[in-house]
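Dumped my_file-v5.cif below, it's mmCIF, N, CA and C atoms:
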data_structure
#
loop_
_atom_site.label_atom_id
_atom_site.label_comp_id
_atom_site.auth_asym_id
_atom_site.auth_seq_id
_atom_site.Cartn_x
_atom_site.Cartn_y
_atom_site.Cartn_z
N MET A 1 -9.89 6.78 -0.31
CA MET A 1 -8.95 5.72 -0.62
C MET A 1 -7.60 6.10 -0.04
N ARG A 2 -6.96 5.12 0.58
CA ARG A 2 -5.62 5.30 1.14
C ARG A 2 -4.79 4.07 0.81
N VAL A 3 -3.48 4.23 0.79
CA VAL A 3 -2.55 3.11 0.69
C VAL A 3 -1.77 3.07 1.99
N ALA A 4 -1.66 1.90 2.59
CA ALA A 4 -0.88 1.72 3.81
C ALA A 4 0.19 0.66 3.56
N LEU A 5 1.41 0.99 3.94
CA LEU A 5 2.52 0.05 3.81
C LEU A 5 2.94 -0.38 5.21
N PHE A 6 2.83 -1.69 5.47
CA PHE A 6 3.17 -2.25 6.78
C PHE A 6 4.65 -2.59 6.81
N GLU A 7 5.40 -1.88 7.64
CA GLU A 7 6.82 -2.13 7.86
C GLU A 7 7.61 -2.33 6.57
N PRO A 8 7.52 -1.37 5.64
CA PRO A 8 8.25 -1.53 4.37
C PRO A 8 9.75 -1.60 4.61
N GLU A 9 10.43 -2.37 3.75
CA GLU A 9 11.86 -2.63 3.94
C GLU A 9 12.75 -1.98 2.89
N ILE A 10 12.19 -1.58 1.76
CA ILE A 10 13.00 -1.10 0.65
C ILE A 10 12.64 0.35 0.33
N ALA A 11 13.61 1.24 0.51
CA ALA A 11 13.38 2.67 0.32
C ALA A 11 12.86 3.00 -1.07
N GLY A 12 13.40 2.36 -2.09
CA GLY A 12 12.96 2.63 -3.46
C GLY A 12 11.49 2.30 -3.68
N ASN A 13 11.02 1.23 -3.06
CA ASN A 13 9.60 0.88 -3.18
C ASN A 13 8.73 1.95 -2.53
N VAL A 14 9.13 2.41 -1.37
CA VAL A 14 8.36 3.45 -0.69
C VAL A 14 8.33 4.72 -1.55
N GLY A 15 9.47 5.08 -2.11
CA GLY A 15 9.52 6.25 -2.98
C GLY A 15 8.59 6.12 -4.17
N ALA A 16 8.56 4.94 -4.77
CA ALA A 16 7.68 4.72 -5.93
C ALA A 16 6.21 4.80 -5.52
N VAL A 17 5.86 4.27 -4.35
CA VAL A 17 4.47 4.34 -3.88
C VAL A 17 4.11 5.78 -3.53
N LEU A 18 5.05 6.53 -2.97
CA LEU A 18 4.78 7.95 -2.70
C LEU A 18 4.52 8.71 -4.00
N ARG A 19 5.28 8.41 -5.01
CA ARG A 19 5.07 9.06 -6.32
C ARG A 19 3.70 8.67 -6.88
N LEU A 20 3.32 7.41 -6.75
CA LEU A 20 2.00 6.96 -7.17
C LEU A 20 0.92 7.75 -6.43
N GLY A 21 1.06 7.87 -5.12
CA GLY A 21 0.10 8.61 -4.33
C GLY A 21 0.01 10.07 -4.76
N ALA A 22 1.14 10.68 -5.04
CA ALA A 22 1.15 12.08 -5.49
C ALA A 22 0.43 12.23 -6.82
N CYS A 23 0.71 11.35 -7.74
CA CYS A 23 0.11 11.45 -9.08
C CYS A 23 -1.39 11.20 -9.08
N LEU A 24 -1.86 10.31 -8.22
CA LEU A 24 -3.27 9.94 -8.23
C LEU A 24 -4.07 10.53 -7.07
N GLY A 25 -3.43 11.31 -6.23
CA GLY A 25 -4.13 11.96 -5.13
C GLY A 25 -4.55 11.01 -4.03
N VAL A 26 -3.73 10.00 -3.77
CA VAL A 26 -4.04 8.99 -2.75
C VAL A 26 -3.05 9.13 -1.59
N PRO A 27 -3.54 9.38 -0.38
CA PRO A 27 -2.64 9.48 0.78
C PRO A 27 -1.95 8.14 1.05
N VAL A 28 -0.75 8.22 1.63
CA VAL A 28 0.04 7.03 1.93
C VAL A 28 0.37 7.01 3.42
N ASP A 29 0.06 5.88 4.07
CA ASP A 29 0.39 5.66 5.47
C ASP A 29 1.57 4.70 5.53
N LEU A 30 2.57 5.06 6.33
CA LEU A 30 3.74 4.21 6.53
C LEU A 30 3.71 3.72 7.97
N ILE A 31 3.60 2.40 8.13
CA ILE A 31 3.51 1.78 9.45
C ILE A 31 4.90 1.27 9.82
N GLU A 32 5.46 1.85 10.86
CA GLU A 32 6.82 1.52 11.27
C GLU A 32 6.84 0.31 12.19
N PRO A 33 8.04 -0.28 12.36
CA PRO A 33 9.33 0.22 11.90
C PRO A 33 9.57 -0.06 10.42
N MET A 34 10.36 0.80 9.81
CA MET A 34 10.74 0.61 8.42
C MET A 34 12.13 0.01 8.38
N GLY A 35 12.45 -0.64 7.29
CA GLY A 35 13.74 -1.31 7.16
C GLY A 35 14.85 -0.40 6.67
N PHE A 36 14.67 0.91 6.75
CA PHE A 36 15.66 1.87 6.30
C PHE A 36 15.40 3.17 7.04
N ALA A 37 16.37 4.05 7.04
CA ALA A 37 16.19 5.37 7.67
C ALA A 37 15.30 6.23 6.78
N TRP A 38 14.37 6.96 7.40
CA TRP A 38 13.42 7.78 6.64
C TRP A 38 14.14 8.78 5.74
N ASP A 39 15.28 9.28 6.15
CA ASP A 39 15.99 10.25 5.33
C ASP A 39 16.85 9.60 4.25
N ASP A 40 16.65 8.32 4.03
CA ASP A 40 17.39 7.60 2.99
C ASP A 40 17.20 8.32 1.65
N ARG A 41 18.29 8.65 1.01
CA ARG A 41 18.23 9.38 -0.26
C ARG A 41 17.49 8.61 -1.34
N ARG A 42 17.41 7.29 -1.20
CA ARG A 42 16.73 6.48 -2.21
C ARG A 42 15.22 6.75 -2.23
N VAL A 43 14.65 7.11 -1.08
CA VAL A 43 13.22 7.46 -1.04
C VAL A 43 12.99 8.69 -1.91
N ARG A 44 13.75 9.73 -1.66
CA ARG A 44 13.57 10.98 -2.41
C ARG A 44 13.94 10.80 -3.88
N ARG A 45 14.98 10.02 -4.17
CA ARG A 45 15.39 9.82 -5.56
C ARG A 45 14.28 9.15 -6.36
N THR A 46 13.63 8.15 -5.77
CA THR A 46 12.57 7.44 -6.48
C THR A 46 11.30 8.29 -6.56
N ALA A 47 10.98 8.97 -5.47
CA ALA A 47 9.77 9.80 -5.44
C ALA A 47 9.99 11.10 -6.23
N MET A 48 11.23 11.47 -6.43
CA MET A 48 11.62 12.71 -7.11
C MET A 48 10.99 13.90 -6.40
N ASP A 49 10.62 14.91 -7.14
CA ASP A 49 10.02 16.10 -6.52
C ASP A 49 8.55 15.90 -6.19
N TYR A 50 8.02 14.71 -6.45
CA TYR A 50 6.62 14.40 -6.15
C TYR A 50 6.38 14.21 -4.65
N ILE A 51 7.44 13.99 -3.88
CA ILE A 51 7.28 13.68 -2.45
C ILE A 51 6.58 14.82 -1.72
N ASP A 52 6.70 16.03 -2.23
CA ASP A 52 6.04 17.17 -1.60
C ASP A 52 4.58 17.31 -2.03
N GLN A 53 4.13 16.42 -2.92
CA GLN A 53 2.77 16.49 -3.45
C GLN A 53 1.87 15.38 -2.92
N VAL A 54 2.36 14.60 -1.96
CA VAL A 54 1.58 13.48 -1.44
C VAL A 54 1.39 13.65 0.06
N GLU A 55 0.23 13.27 0.54
CA GLU A 55 -0.04 13.27 1.98
C GLU A 55 0.55 11.99 2.57
N ILE A 56 1.57 12.16 3.42
CA ILE A 56 2.27 11.03 4.03
C ILE A 56 2.02 11.08 5.53
N THR A 57 1.62 9.95 6.11
CA THR A 57 1.49 9.86 7.56
C THR A 57 2.31 8.65 8.02
N ARG A 58 3.20 8.91 8.96
CA ARG A 58 3.98 7.83 9.56
C ARG A 58 3.36 7.45 10.89
N HIS A 59 3.29 6.15 11.16
CA HIS A 59 2.70 5.63 12.39
C HIS A 59 3.74 4.76 13.09
N ARG A 60 3.85 4.89 14.41
CA ARG A 60 4.88 4.15 15.16
C ARG A 60 4.68 2.65 15.11
N ASP A 61 3.41 2.21 14.91
CA ASP A 61 3.11 0.78 14.82
C ASP A 61 1.68 0.62 14.28
N PHE A 62 1.24 -0.62 14.16
CA PHE A 62 -0.08 -0.88 13.57
C PHE A 62 -1.20 -0.34 14.45
N ALA A 63 -1.06 -0.43 15.77
CA ALA A 63 -2.09 0.08 16.67
C ALA A 63 -2.27 1.59 16.48
N ALA A 64 -1.18 2.31 16.35
CA ALA A 64 -1.26 3.76 16.13
C ALA A 64 -1.90 4.06 14.77
N PHE A 65 -1.59 3.26 13.78
CA PHE A 65 -2.22 3.41 12.46
C PHE A 65 -3.73 3.24 12.55
N ARG A 66 -4.19 2.20 13.23
CA ARG A 66 -5.63 1.97 13.36
C ARG A 66 -6.31 3.05 14.19
N GLU A 67 -5.61 3.54 15.19
CA GLU A 67 -6.17 4.61 15.99
C GLU A 67 -6.37 5.87 15.14
N ALA A 68 -5.44 6.13 14.25
CA ALA A 68 -5.53 7.31 13.38
C ALA A 68 -6.51 7.10 12.23
N ASN A 69 -6.79 5.84 11.88
CA ASN A 69 -7.67 5.50 10.77
C ASN A 69 -8.71 4.47 11.21
N PRO A 70 -9.62 4.85 12.11
CA PRO A 70 -10.59 3.86 12.61
C PRO A 70 -11.65 3.50 11.59
N ALA A 71 -11.93 4.38 10.65
CA ALA A 71 -12.94 4.11 9.62
C ALA A 71 -12.23 3.61 8.37
N GLY A 72 -13.00 3.05 7.49
CA GLY A 72 -12.43 2.54 6.25
C GLY A 72 -12.13 1.06 6.38
N ARG A 73 -12.53 0.34 5.39
CA ARG A 73 -12.33 -1.10 5.36
C ARG A 73 -10.88 -1.41 5.02
N LEU A 74 -10.27 -2.30 5.79
CA LEU A 74 -8.91 -2.73 5.50
C LEU A 74 -8.94 -3.82 4.44
N VAL A 75 -8.28 -3.55 3.33
CA VAL A 75 -8.20 -4.49 2.21
C VAL A 75 -6.74 -4.90 2.08
N LEU A 76 -6.45 -6.13 2.45
CA LEU A 76 -5.08 -6.64 2.44
C LEU A 76 -4.75 -7.26 1.08
N PHE A 77 -3.62 -6.88 0.53
CA PHE A 77 -3.10 -7.52 -0.68
C PHE A 77 -2.00 -8.47 -0.24
N SER A 78 -2.18 -9.75 -0.58
CA SER A 78 -1.28 -10.79 -0.08
C SER A 78 -1.12 -11.90 -1.11
N SER A 79 0.09 -12.44 -1.18
CA SER A 79 0.32 -13.59 -2.06
C SER A 79 -0.36 -14.84 -1.51
N LYS A 80 -0.85 -14.79 -0.26
CA LYS A 80 -1.53 -15.94 0.35
C LYS A 80 -3.04 -15.93 0.09
N ALA A 81 -3.56 -14.82 -0.39
CA ALA A 81 -5.01 -14.72 -0.64
C ALA A 81 -5.37 -15.43 -1.94
N THR A 82 -6.66 -15.63 -2.17
CA THR A 82 -7.11 -16.28 -3.40
C THR A 82 -8.06 -15.42 -4.22
N LEU A 83 -8.74 -14.47 -3.59
CA LEU A 83 -9.72 -13.62 -4.28
C LEU A 83 -9.00 -12.55 -5.09
N SER A 84 -9.43 -12.34 -6.32
CA SER A 84 -8.83 -11.36 -7.21
C SER A 84 -9.43 -9.97 -6.99
N PRO A 85 -8.61 -8.93 -7.06
CA PRO A 85 -9.16 -7.57 -6.96
C PRO A 85 -10.08 -7.23 -8.13
N TYR A 86 -10.00 -8.00 -9.19
CA TYR A 86 -10.83 -7.75 -10.36
C TYR A 86 -12.22 -8.38 -10.21
N HIS A 87 -12.42 -9.09 -9.08
CA HIS A 87 -13.72 -9.65 -8.74
C HIS A 87 -14.21 -9.12 -7.40
N GLN A 88 -13.67 -7.99 -6.98
CA GLN A 88 -13.98 -7.39 -5.69
C GLN A 88 -14.54 -5.99 -5.91
N ALA A 89 -15.60 -5.65 -5.23
CA ALA A 89 -16.13 -4.28 -5.30
C ALA A 89 -15.42 -3.42 -4.26
N PHE A 90 -14.75 -2.39 -4.72
CA PHE A 90 -14.05 -1.48 -3.82
C PHE A 90 -14.98 -0.36 -3.38
N LYS A 91 -14.63 0.25 -2.25
CA LYS A 91 -15.36 1.39 -1.71
C LYS A 91 -14.39 2.58 -1.69
N ALA A 92 -14.95 3.78 -1.81
CA ALA A 92 -14.12 4.99 -1.88
C ALA A 92 -13.27 5.20 -0.63
N ASP A 93 -13.70 4.67 0.52
CA ASP A 93 -12.93 4.88 1.75
C ASP A 93 -12.10 3.67 2.15
N ASP A 94 -11.88 2.74 1.22
CA ASP A 94 -11.04 1.58 1.52
C ASP A 94 -9.60 2.01 1.82
N ILE A 95 -8.96 1.21 2.66
CA ILE A 95 -7.53 1.36 2.93
C ILE A 95 -6.86 0.12 2.36
N LEU A 96 -6.03 0.32 1.34
CA LEU A 96 -5.35 -0.78 0.66
C LEU A 96 -4.04 -1.02 1.40
N LEU A 97 -3.94 -2.18 2.04
CA LEU A 97 -2.81 -2.50 2.91
C LEU A 97 -1.87 -3.49 2.22
N PHE A 98 -0.57 -3.17 2.27
CA PHE A 98 0.47 -4.02 1.69
C PHE A 98 1.50 -4.32 2.76
N GLY A 99 1.88 -5.59 2.86
CA GLY A 99 2.84 -6.01 3.87
C GLY A 99 4.27 -5.78 3.45
N LYS A 100 5.17 -6.06 4.39
CA LYS A 100 6.60 -5.90 4.11
C LYS A 100 7.03 -6.84 3.00
N GLU A 101 8.02 -6.43 2.26
CA GLU A 101 8.45 -7.16 1.07
C GLU A 101 8.87 -8.60 1.36
N SER A 102 9.53 -8.84 2.48
CA SER A 102 10.06 -10.18 2.76
C SER A 102 9.06 -11.14 3.38
N ALA A 103 8.02 -10.61 4.05
CA ALA A 103 7.16 -11.50 4.83
C ALA A 103 5.68 -11.14 4.85
N GLY A 104 5.28 -10.09 4.17
CA GLY A 104 3.87 -9.70 4.22
C GLY A 104 3.50 -9.14 5.58
N VAL A 105 2.32 -9.51 6.07
CA VAL A 105 1.90 -9.08 7.41
C VAL A 105 1.76 -10.32 8.29
N PRO A 106 1.95 -10.17 9.60
CA PRO A 106 1.74 -11.32 10.49
C PRO A 106 0.26 -11.68 10.57
N ALA A 107 -0.02 -12.89 11.02
CA ALA A 107 -1.40 -13.39 11.08
C ALA A 107 -2.31 -12.49 11.89
N ASN A 108 -1.83 -11.92 12.99
CA ASN A 108 -2.70 -11.08 13.82
C ASN A 108 -3.12 -9.79 13.09
N ILE A 109 -2.32 -9.32 12.18
CA ILE A 109 -2.68 -8.15 11.37
C ILE A 109 -3.64 -8.59 10.26
N ALA A 110 -3.34 -9.70 9.61
CA ALA A 110 -4.21 -10.21 8.54
C ALA A 110 -5.63 -10.45 9.05
N GLU A 111 -5.75 -10.93 10.28
CA GLU A 111 -7.06 -11.20 10.86
C GLU A 111 -7.91 -9.94 11.02
N GLN A 112 -7.28 -8.80 11.09
CA GLN A 112 -8.01 -7.54 11.26
C GLN A 112 -8.48 -6.96 9.93
N CYS A 113 -8.10 -7.58 8.84
CA CYS A 113 -8.46 -7.10 7.51
C CYS A 113 -9.76 -7.75 7.06
N GLU A 114 -10.66 -6.95 6.53
CA GLU A 114 -11.97 -7.45 6.12
C GLU A 114 -11.93 -8.19 4.79
N VAL A 115 -11.00 -7.81 3.94
CA VAL A 115 -10.91 -8.41 2.60
C VAL A 115 -9.44 -8.77 2.35
N HIS A 116 -9.21 -9.95 1.76
CA HIS A 116 -7.86 -10.40 1.40
C HIS A 116 -7.86 -10.64 -0.11
N LEU A 117 -6.94 -9.97 -0.81
CA LEU A 117 -6.91 -10.07 -2.27
C LEU A 117 -5.51 -10.45 -2.75
N ARG A 118 -5.49 -11.12 -3.90
CA ARG A 118 -4.23 -11.51 -4.55
C ARG A 118 -4.32 -11.12 -6.01
N ILE A 119 -3.36 -10.36 -6.46
CA ILE A 119 -3.32 -9.99 -7.87
C ILE A 119 -2.99 -11.24 -8.68
N PRO A 120 -3.81 -11.55 -9.68
CA PRO A 120 -3.57 -12.78 -10.44
C PRO A 120 -2.23 -12.73 -11.19
N MET A 121 -1.53 -13.84 -11.14
CA MET A 121 -0.25 -13.95 -11.85
C MET A 121 0.01 -15.41 -12.18
N ARG A 122 0.98 -15.63 -12.99
CA ARG A 122 1.33 -16.99 -13.39
C ARG A 122 1.75 -17.80 -12.16
N PRO A 123 1.39 -19.09 -12.12
CA PRO A 123 1.64 -19.89 -10.91
C PRO A 123 3.12 -20.14 -10.62
N GLN A 124 3.98 -20.05 -11.60
CA GLN A 124 5.39 -20.34 -11.36
C GLN A 124 6.18 -19.17 -10.77
N VAL A 125 5.50 -18.04 -10.53
CA VAL A 125 6.17 -16.90 -9.89
C VAL A 125 5.52 -16.63 -8.54
N ARG A 126 6.29 -16.05 -7.62
CA ARG A 126 5.83 -15.89 -6.25
C ARG A 126 5.05 -14.60 -6.02
N SER A 127 5.60 -13.47 -6.48
CA SER A 127 4.93 -12.20 -6.18
C SER A 127 5.45 -11.09 -7.07
N LEU A 128 4.65 -10.03 -7.14
CA LEU A 128 5.05 -8.82 -7.84
C LEU A 128 5.82 -7.91 -6.89
N ASN A 129 6.53 -6.96 -7.44
CA ASN A 129 7.17 -5.92 -6.65
C ASN A 129 6.10 -5.14 -5.90
N LEU A 130 6.41 -4.67 -4.70
CA LEU A 130 5.46 -3.94 -3.87
C LEU A 130 4.86 -2.74 -4.59
N ALA A 131 5.70 -1.91 -5.20
CA ALA A 131 5.20 -0.71 -5.87
C ALA A 131 4.33 -1.06 -7.08
N THR A 132 4.70 -2.12 -7.79
CA THR A 132 3.89 -2.56 -8.93
C THR A 132 2.54 -3.06 -8.46
N SER A 133 2.53 -3.82 -7.38
CA SER A 133 1.27 -4.30 -6.80
C SER A 133 0.38 -3.15 -6.37
N ALA A 134 0.99 -2.17 -5.72
CA ALA A 134 0.22 -1.00 -5.27
C ALA A 134 -0.38 -0.26 -6.47
N ALA A 135 0.39 -0.12 -7.53
CA ALA A 135 -0.11 0.59 -8.72
C ALA A 135 -1.29 -0.15 -9.34
N LEU A 136 -1.20 -1.45 -9.46
CA LEU A 136 -2.31 -2.23 -10.02
C LEU A 136 -3.54 -2.13 -9.12
N ALA A 137 -3.33 -2.25 -7.82
CA ALA A 137 -4.45 -2.22 -6.86
C ALA A 137 -5.12 -0.85 -6.83
N VAL A 138 -4.33 0.20 -6.73
CA VAL A 138 -4.89 1.55 -6.68
C VAL A 138 -5.60 1.87 -7.98
N GLY A 139 -5.02 1.47 -9.09
CA GLY A 139 -5.67 1.71 -10.38
C GLY A 139 -7.04 1.07 -10.47
N GLU A 140 -7.14 -0.17 -10.07
CA GLU A 140 -8.44 -0.86 -10.12
C GLU A 140 -9.42 -0.26 -9.13
N ALA A 141 -8.96 0.04 -7.93
CA ALA A 141 -9.85 0.61 -6.91
C ALA A 141 -10.37 1.98 -7.34
N LEU A 142 -9.50 2.82 -7.88
CA LEU A 142 -9.93 4.14 -8.33
C LEU A 142 -10.84 4.04 -9.57
N ARG A 143 -10.55 3.10 -10.44
CA ARG A 143 -11.40 2.91 -11.62
C ARG A 143 -12.82 2.57 -11.19
N GLN A 144 -12.93 1.62 -10.24
CA GLN A 144 -14.24 1.19 -9.79
C GLN A 144 -15.01 2.29 -9.05
N THR A 145 -14.30 3.10 -8.29
CA THR A 145 -14.97 4.09 -7.45
C THR A 145 -15.06 5.47 -8.10
N GLY A 146 -14.55 5.59 -9.32
CA GLY A 146 -14.57 6.89 -10.00
C GLY A 146 -13.66 7.90 -9.33
N GLY A 147 -12.60 7.42 -8.72
CA GLY A 147 -11.73 8.29 -7.93
C GLY A 147 -10.51 8.83 -8.62
N PHE A 148 -10.35 8.56 -9.92
CA PHE A 148 -9.18 9.11 -10.62
C PHE A 148 -9.27 10.63 -10.66
N PRO A 149 -8.14 11.32 -10.57
CA PRO A 149 -8.16 12.77 -10.71
C PRO A 149 -8.64 13.15 -12.11
N PRO A 150 -9.22 14.34 -12.26
CA PRO A 150 -9.65 14.74 -13.60
C PRO A 150 -8.46 14.86 -14.54
N SER A 151 -8.65 14.53 -15.81
CA SER A 151 -7.56 14.59 -16.80
C SER A 151 -7.29 16.00 -17.21
#
Please, can you express the file's structure as structure tokens?
Amino acid sequence: MRVALFEPEIAGNVGAVLRLGACLGVPVDLIEPMGFAWDDRRVRRTAMDYIDQVEITRHRDFAAFREANPAGRLVLFSSKATLSPYHQAFKADDILLFGKESAGVPANIAEQCEVHLRIPMRPQVRSLNLATSAALAVGEALRQTGGFPPS
């Protein structure tokens, strides 16, 4: 299981996802360009000292990301999808992909994803925070695949 963030724009969200990855043993891929400088103090402040406990891979673009990760099903989380992750069978080698906060992923990237999922929410709201979405998605995927770290 991996989490991939496509062109993330908010340092605090990336820090929170890195902390999630550290706590649950899930590697995190960052697909550039990012909307902030990598040395932004907000990344480290949100990730705290957990940043040294997570496997982080930065990729110059989506093509480089796919070249580095040719295996594993791409599972896109999108506010445009209709299928719920709670009705989807996850696989241990899935790559959970999340788009940039302001725009998601472009159509050409979405087309490369085998599964498109939307976390259920009330119809009068648009979307969850990126880090919150990642936490819900990773939690469900690890629950289904028995991938949680031992207690």
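If you measure from each of A:Met1, A:Met48, A:Phe62, A:Ala89 to Leu30 (chain A) using only N, CA and C atoms, the closest one turns out to be A:Phe62.
Take the candidates A:Glu111, A:Asp93, A:Glu67, A:Glu140 and check each one against Arg2 (chain A) using only C-alpha atoms; the shortest distance goes to A:Asp93.
When all atoms listed in the file are used to compute distances to Ala16 (chain A), the closest of the residues A:Ser79, A:Asn108, A:Gln88, A:Thr132 turns out to be A:Thr132.
Take atom N of Ser127 (chain A) and CA of Arg45 (chain A): the distance between them is 25.3 Å.
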Looking at only C-alpha atoms, which of A:Val125, A:Val26, A:Leu74, A:Ile31 is the one that sits closest to Leu5 (chain A)?
A:Ile31
Run DSSP on the backbone and grab whatever in region 2-125 of chain A lands in alpha helix (DSSP H); send it over as a PyMOL selection string.
chain A and resi 11-24+41-47+62-68+107-110
Any chance you could resolve the PyMOL selection byres ((chain A and resi 34-42) around 6) against this file and give the residues as number ranges by chain?
A: 7-12, 15, 31-33, 43-47
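Here the PyMOL selection byres (((chain A and resi 29 and name CA) around 7) and name CA) catches exactly these residues: Val3, Ala4, Leu5, Pro27, Val28, Leu30, Ile31, Ile56, Thr57 and Arg58 of chain A.
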Taking the file as shown, what set of residues would the PyMOL selection byres (((chain A and resi 133 and name CA) around 12) and name CA) give back, as a PyMOL selection string?
chain A and resi 3+5+13+16-17+20+76-79+85+96-99+101+117-121+127-132+134-140
Selected residue of minimal separation from Val54 (chain A) among A:Gly25, A:Pro123, A:Pro150, A:Pro106, counting only N, CA and C atoms
A:Gly25
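For the residues A:Cys113, A:Ile51, A:Leu83, A:Leu18, ranking by smallest atom-to-atom distance to Ile95 (chain A) using only C-alpha atoms places A:Cys113 first.
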Determine which residues of region 5-147 of chain A DSSP labels as strand (DSSP E) from the backbone of this structure, then write them out as a ChimeraX atom specification.
/A:5-6,28-31,56-59,74-77,95-98,115-117
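Taking CA of Asp94 (chain A) and CA of Arg143 (chain A) as endpoints, the distance between them is 13.2 Å.
Taking atom N of Ala63 (chain A) and atom C of Ala22 (chain A) as the two end points, the separation is 25.9 Å.
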Complete region 64-80 of chain A at the level of N, CA, C and O atoms, written as a compact mmCIF listing (two decimals), in the frame of the given file.
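Saved result, out.txt, follows:
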# COMPACT_ATOMS: atom_id res chain seq x y z
N ALA A 64 -1.18 2.31 16.35
CA ALA A 64 -1.26 3.76 16.13
C ALA A 64 -1.90 4.06 14.77
O ALA A 64 -2.69 5.01 14.64
N PHE A 65 -1.59 3.26 13.78
CA PHE A 65 -2.22 3.41 12.46
C PHE A 65 -3.73 3.24 12.55
O PHE A 65 -4.49 4.05 12.03
N ARG A 66 -4.19 2.20 13.23
CA ARG A 66 -5.63 1.97 13.36
C ARG A 66 -6.31 3.05 14.19
O ARG A 66 -7.44 3.44 13.91
N GLU A 67 -5.61 3.54 15.19
CA GLU A 67 -6.17 4.61 15.99
C GLU A 67 -6.37 5.87 15.14
O GLU A 67 -7.37 6.57 15.27
N ALA A 68 -5.44 6.13 14.25
CA ALA A 68 -5.53 7.31 13.38
C ALA A 68 -6.51 7.10 12.23
O ALA A 68 -7.01 8.07 11.65
N ASN A 69 -6.79 5.84 11.88
CA ASN A 69 -7.67 5.50 10.77
C ASN A 69 -8.71 4.47 11.21
O ASN A 69 -8.71 3.33 10.74
N PRO A 70 -9.62 4.85 12.11
CA PRO A 70 -10.59 3.86 12.61
C PRO A 70 -11.65 3.50 11.59
O PRO A 70 -12.23 2.42 11.65
N ALA A 71 -11.93 4.38 10.65
CA ALA A 71 -12.94 4.11 9.62
C ALA A 71 -12.23 3.61 8.37
O ALA A 71 -11.02 3.75 8.20
N GLY A 72 -13.00 3.05 7.49
CA GLY A 72 -12.43 2.54 6.25
C GLY A 72 -12.13 1.06 6.38
O GLY A 72 -11.54 0.61 7.36
N ARG A 73 -12.53 0.34 5.39
CA ARG A 73 -12.33 -1.10 5.36
C ARG A 73 -10.88 -1.41 5.02
O ARG A 73 -10.32 -0.86 4.07
N LEU A 74 -10.27 -2.30 5.79
CA LEU A 74 -8.91 -2.73 5.50
C LEU A 74 -8.94 -3.82 4.44
O LEU A 74 -9.54 -4.88 4.63
N VAL A 75 -8.28 -3.55 3.33
CA VAL A 75 -8.20 -4.49 2.21
C VAL A 75 -6.74 -4.90 2.08
O VAL A 75 -5.89 -4.10 1.66
N LEU A 76 -6.45 -6.13 2.45
CA LEU A 76 -5.08 -6.64 2.44
C LEU A 76 -4.75 -7.26 1.08
O LEU A 76 -5.51 -8.10 0.58
N PHE A 77 -3.62 -6.88 0.53
CA PHE A 77 -3.10 -7.52 -0.68
C PHE A 77 -2.00 -8.47 -0.24
O PHE A 77 -1.04 -8.07 0.43
N SER A 78 -2.18 -9.75 -0.58
CA SER A 78 -1.28 -10.79 -0.08
C SER A 78 -1.12 -11.90 -1.11
O SER A 78 -2.08 -12.28 -1.79
N SER A 79 0.09 -12.44 -1.18
CA SER A 79 0.32 -13.59 -2.06
C SER A 79 -0.36 -14.84 -1.51
O SER A 79 -0.50 -15.83 -2.22
N LYS A 80 -0.85 -14.79 -0.26
CA LYS A 80 -1.53 -15.94 0.35
C LYS A 80 -3.04 -15.93 0.09
O LYS A 80 -3.72 -16.92 0.36
